[in-house]
Amino acid sequence: MADETTKVDMPRPKITERRARDRGGWAMLTLTVVLILLGIAATLAGVAAGGAAGIATGVTAGSLLLVAALVVAAGLTPVAPNEARVLQLLGRYKGTVRTDGLRWVNPLTVRPRVSTRIRNHETGLAKVNDLDGNPIEITAVVVWQVADTARAVFEVDDFVEFVAFQTEAAVRHIAGSFPYDAADRISLRDNADEITAQLSAELSERVASAGVDIIESRITGLAYAPEIAQAMLRRQQAGAVVAARQRIVEGAVGMVQLALNQLEEDAVVELDEERKATMVSNLLVVLCADRDAQPVVNTGGLYQ
């Protein structure tokens, strides 16, 4: 049952995260500042030298140094904790930077941010039919995290939206695969651990192609739909009353049997079969009644 429920045919991912070539950014920031200062100094030196040739040489050298400083500065990339930068060069994936702090990468790359923080997603109130065809309302919370940034960026259009849609699909599928309430099989109400385990397993298969790991999933709301809630409540109440009555009758029979055995062992009174039957009937009525019995004192003989 579990394998059939969690089997999801999703396409295999074609790309996997790998580490990008990067280096510490503080040294490159220092280099940028030095190049800027040298560019300014070269320009000022050319102007101070005078003459058209000296000024042209100084301005040219200064401009080249400033352009080099801008190129180096363009590679500086701040990376926040629990964040990654996915590098793309001319449309090709060049790796992911996960080391937090100031980093330096190829200045020609595009570097979108991808959060790797733990996230929560709560589904909206979904109305579905359970395995027995009863309409129910169900909500769930999923805790998830991006594990493969390359898949999250390149395998799906929007991985956050993808997780939301796949979560709703999995919740609806699980809700329709089990009855709401059943005594002889797994049910949504009575087997929460088994249900959430299968929900997590199915979700993991659904979002694996997007590079997402499911940390935990939990059903937070489960109820019959309003149109049948009253009828199902009456059915549950009737079942509870029957179970309680059965328990009361079992206890009453045991008490009656104990009373008869005790009377017989202590030789308190001898009762024929007819009187035993009458006593059993009276005791069962008293013990099984909803109200307290009103005692009647017999002042005559045993058979009067």
# chains A, B, ... in the order shown; residues from 1 in each chain; ligands from 1
>>> residues_around(residues="Val280 of chain A", least_positions_apart="5", cutoff="9 Å", atoms="only C-alpha atoms", output="PyMOL selection string")
chain A and resi 253+256-257+260+275+285
>>> residues_around(residues="Asp22 of chain A", least_positions_apart="6", cutoff="12 Å", atoms="only C-alpha atoms", output="list in words")
Met28, Gly75, Leu76, Thr77, Pro78, Val79, Arg85, Val86, Leu87, Lys94, Gly95, Thr96, Val97, Arg98, Thr99, Asp100, Gly101, Leu102, Arg103, Trp104, Val105, Asn106, Pro107 and Thr109 of chain A
>>> write_last_selection(atoms="N, CA and C atoms", output="PDB file, in the first residue's frame")
ATOM      1  N   MET A  28      40.676  41.250  -3.337  1.00  0.00           N
ATOM      2  CA  MET A  28      40.301  41.874  -4.598  1.00  0.00           C
ATOM      3  C   MET A  28      39.738  43.269  -4.370  1.00  0.00           C
ATOM      4  N   GLY A  75      33.433  41.852 -10.042  1.00  0.00           N
ATOM      5  CA  GLY A  75      33.449  40.462  -9.594  1.00  0.00           C
ATOM      6  C   GLY A  75      33.195  40.288  -8.112  1.00  0.00           C
ATOM      7  N   LEU A  76      33.172  41.382  -7.348  1.00  0.00           N
ATOM      8  CA  LEU A  76      32.934  41.280  -5.913  1.00  0.00           C
ATOM      9  C   LEU A  76      31.487  40.880  -5.653  1.00  0.00           C
ATOM     10  N   THR A  77      31.306  39.855  -4.839  1.00  0.00           N
ATOM     11  CA  THR A  77      29.969  39.300  -4.610  1.00  0.00           C
ATOM     12  C   THR A  77      29.771  39.029  -3.120  1.00  0.00           C
ATOM     13  N   PRO A  78      28.896  39.766  -2.456  1.00  0.00           N
ATOM     14  CA  PRO A  78      28.594  39.443  -1.052  1.00  0.00           C
ATOM     15  C   PRO A  78      27.624  38.260  -0.967  1.00  0.00           C
ATOM     16  N   VAL A  79      27.933  37.335  -0.085  1.00  0.00           N
ATOM     17  CA  VAL A  79      27.093  36.143   0.111  1.00  0.00           C
ATOM     18  C   VAL A  79      26.664  36.106   1.580  1.00  0.00           C
ATOM     19  N   ARG A  85      24.918  31.744  -4.275  1.00  0.00           N
ATOM     20  CA  ARG A  85      24.920  32.471  -5.548  1.00  0.00           C
ATOM     21  C   ARG A  85      25.167  31.474  -6.674  1.00  0.00           C
ATOM     22  N   VAL A  86      24.249  31.428  -7.619  1.00  0.00           N
ATOM     23  CA  VAL A  86      24.357  30.523  -8.762  1.00  0.00           C
ATOM     24  C   VAL A  86      24.956  31.303  -9.932  1.00  0.00           C
ATOM     25  N   LEU A  87      26.105  30.852 -10.434  1.00  0.00           N
ATOM     26  CA  LEU A  87      26.831  31.581 -11.466  1.00  0.00           C
ATOM     27  C   LEU A  87      26.454  31.075 -12.855  1.00  0.00           C
ATOM     28  N   LYS A  94      27.999  27.689 -14.240  1.00  0.00           N
ATOM     29  CA  LYS A  94      29.426  27.633 -13.907  1.00  0.00           C
ATOM     30  C   LYS A  94      29.692  27.259 -12.451  1.00  0.00           C
ATOM     31  N   GLY A  95      28.641  26.975 -11.682  1.00  0.00           N
ATOM     32  CA  GLY A  95      28.858  26.557 -10.306  1.00  0.00           C
ATOM     33  C   GLY A  95      28.103  27.430  -9.324  1.00  0.00           C
ATOM     34  N   THR A  96      28.187  27.040  -8.061  1.00  0.00           N
ATOM     35  CA  THR A  96      27.475  27.729  -6.988  1.00  0.00           C
ATOM     36  C   THR A  96      28.447  28.133  -5.891  1.00  0.00           C
ATOM     37  N   VAL A  97      28.277  29.351  -5.396  1.00  0.00           N
ATOM     38  CA  VAL A  97      29.078  29.852  -4.275  1.00  0.00           C
ATOM     39  C   VAL A  97      28.211  29.793  -3.021  1.00  0.00           C
ATOM     40  N   ARG A  98      28.651  29.005  -2.027  1.00  0.00           N
ATOM     41  CA  ARG A  98      27.920  28.887  -0.769  1.00  0.00           C
ATOM     42  C   ARG A  98      28.670  29.505   0.412  1.00  0.00           C
ATOM     43  N   THR A  99      29.965  29.812   0.238  1.00  0.00           N
ATOM     44  CA  THR A  99      30.750  30.379   1.329  1.00  0.00           C
ATOM     45  C   THR A  99      30.284  31.802   1.601  1.00  0.00           C
ATOM     46  N   ASP A 100      29.878  32.054   2.843  1.00  0.00           N
ATOM     47  CA  ASP A 100      29.367  33.389   3.146  1.00  0.00           C
ATOM     48  C   ASP A 100      30.515  34.380   3.316  1.00  0.00           C
ATOM     49  N   GLY A 101      30.173  35.652   3.173  1.00  0.00           N
ATOM     50  CA  GLY A 101      31.164  36.717   3.236  1.00  0.00           C
ATOM     51  C   GLY A 101      31.344  37.375   1.878  1.00  0.00           C
ATOM     52  N   LEU A 102      32.394  38.159   1.761  1.00  0.00           N
ATOM     53  CA  LEU A 102      32.694  38.833   0.495  1.00  0.00           C
ATOM     54  C   LEU A 102      33.554  37.908  -0.369  1.00  0.00           C
ATOM     55  N   ARG A 103      33.040  37.521  -1.527  1.00  0.00           N
ATOM     56  CA  ARG A 103      33.738  36.620  -2.447  1.00  0.00           C
ATOM     57  C   ARG A 103      33.964  37.339  -3.781  1.00  0.00           C
ATOM     58  N   TRP A 104      34.884  36.777  -4.553  1.00  0.00           N
ATOM     59  CA  TRP A 104      35.151  37.332  -5.881  1.00  0.00           C
ATOM     60  C   TRP A 104      35.036  36.214  -6.904  1.00  0.00           C
ATOM     61  N   VAL A 105      34.272  36.488  -7.975  1.00  0.00           N
ATOM     62  CA  VAL A 105      34.058  35.515  -9.045  1.00  0.00           C
ATOM     63  C   VAL A 105      34.277  36.210 -10.380  1.00  0.00           C
ATOM     64  N   ASN A 106      34.128  35.455 -11.440  1.00  0.00           N
ATOM     65  CA  ASN A 106      34.272  35.996 -12.787  1.00  0.00           C
ATOM     66  C   ASN A 106      33.313  37.184 -12.962  1.00  0.00           C
ATOM     67  N   PRO A 107      33.833  38.355 -13.315  1.00  0.00           N
ATOM     68  CA  PRO A 107      32.961  39.544 -13.418  1.00  0.00           C
ATOM     69  C   PRO A 107      31.909  39.438 -14.509  1.00  0.00           C
ATOM     70  N   THR A 109      29.933  36.909 -15.076  1.00  0.00           N
ATOM     71  CA  THR A 109      28.857  35.982 -14.743  1.00  0.00           C
ATOM     72  C   THR A 109      27.646  36.715 -14.173  1.00  0.00           C
TER      73      THR A 109
END
>>> closest_residue(among="A:Phe154, A:Cys288, A:Glu17, A:Met279", to="Arg245 of chain A", atoms="only C-alpha atoms")
A:Cys288
>>> residues_around(residues="Thr57 of chain A", least_positions_apart="3", cutoff="9 Å", atoms="only C-alpha atoms", output="list of chain:residue names")
A:Ala42, A:Thr43, A:Gly46, A:Ala52, A:Ala53, A:Gly54, A:Thr60, A:Ala61, A:Gly62
>>> closest_residue(among="A:Ser177, A:Thr32, A:Gln88, A:Thr139", to="Leu70 of chain A", atoms="only C-alpha atoms")
A:Thr32
>>> closest_atom_pairs(of="segment 26-141 of chain A", to="segment 157-172 of chain A", cutoff="8 Å", atoms="only C-alpha atoms", output="tab-separated table")
residue	atom	partner	partner_atom	distance
A:His121	CA	A:Ala164	CA	7.0
A:Thr123	CA	A:Glu168	CA	6.3
A:Ala126	CA	A:Arg172	CA	7.3
A:Val128	CA	A:Arg172	CA	6.5
A:Ile138	CA	A:Val171	CA	8.0
A:Thr139	CA	A:Val171	CA	7.9
A:Ala140	CA	A:Val171	CA	7.3
>>> write_last_selection(atoms="C-alpha atoms", output="CSV table (one decimal), in the first residue's frame")
chain,number,residue,atom,x,y,z
A,121,HIS,CA,4.6,26.1,3.6
A,123,THR,CA,-1.5,24.5,2.3
A,126,ALA,CA,-8.5,21.5,0.5
A,128,VAL,CA,-11.4,16.2,-1.3
A,138,ILE,CA,-7.7,18.9,5.1
A,139,THR,CA,-4.7,21.3,5.6
A,140,ALA,CA,-1.0,20.5,6.0
>>> residues_around(residues="Ala182 of chain A", least_positions_apart="2", cutoff="12 Å", atoms="only C-alpha atoms", output="list in words")
Asp130, Leu131, Asp132, Phe178, Pro179, Tyr180, Asp184, Arg185, Ile186, Ser187, Leu188, Arg189, Asp190, Asn191, Gln236 and Gly239 of chain A
>>> residues_around(residues="Lys127 of chain A", least_positions_apart="6", cutoff="8 Å", atoms="only C-alpha atoms", output="PyMOL selection string")
chain A and resi 135-138+225
>>> closest_residue(among="A:Ala175, A:Arg23, A:Ala68, A:Ile55", to="Ile36 of chain A", atoms="only C-alpha atoms")
A:Ala68
>>> atom_distance(atom1="atom CA of Glu216 of chain A", atom2="atom CA of Val143 of chain A")
5.1 Å
>>> select_by_dssp(residues="segment 116-209 of chain A", states="strand (DSSP E)", output="list of chain:residue names")
A:Arg119, A:Asn120, A:His121, A:Glu122, A:Ala126, A:Lys127, A:Val128, A:Asn129, A:Pro135, A:Ile136, A:Glu137, A:Ile138, A:Thr139, A:Ala140, A:Val141, A:Val142, A:Val143, A:Trp144, A:Gln145, A:Val146
>>> atom_distance(atom1="atom CA of Ala223 of chain A", atom2="atom CA of Trp144 of chain A")
25.2 Å
>>> select_by_dssp(residues="segment 76-241 of chain A", states="helix (DSSP H, G or I)", output="number ranges by chain")
A: 149-154, 159-177, 192-210, 226-241
>>> closest_residue(among="A:Val156, A:Glu202, A:Gly58, A:Arg113", to="Asp9 of chain A", atoms="only C-alpha atoms")
A:Glu202
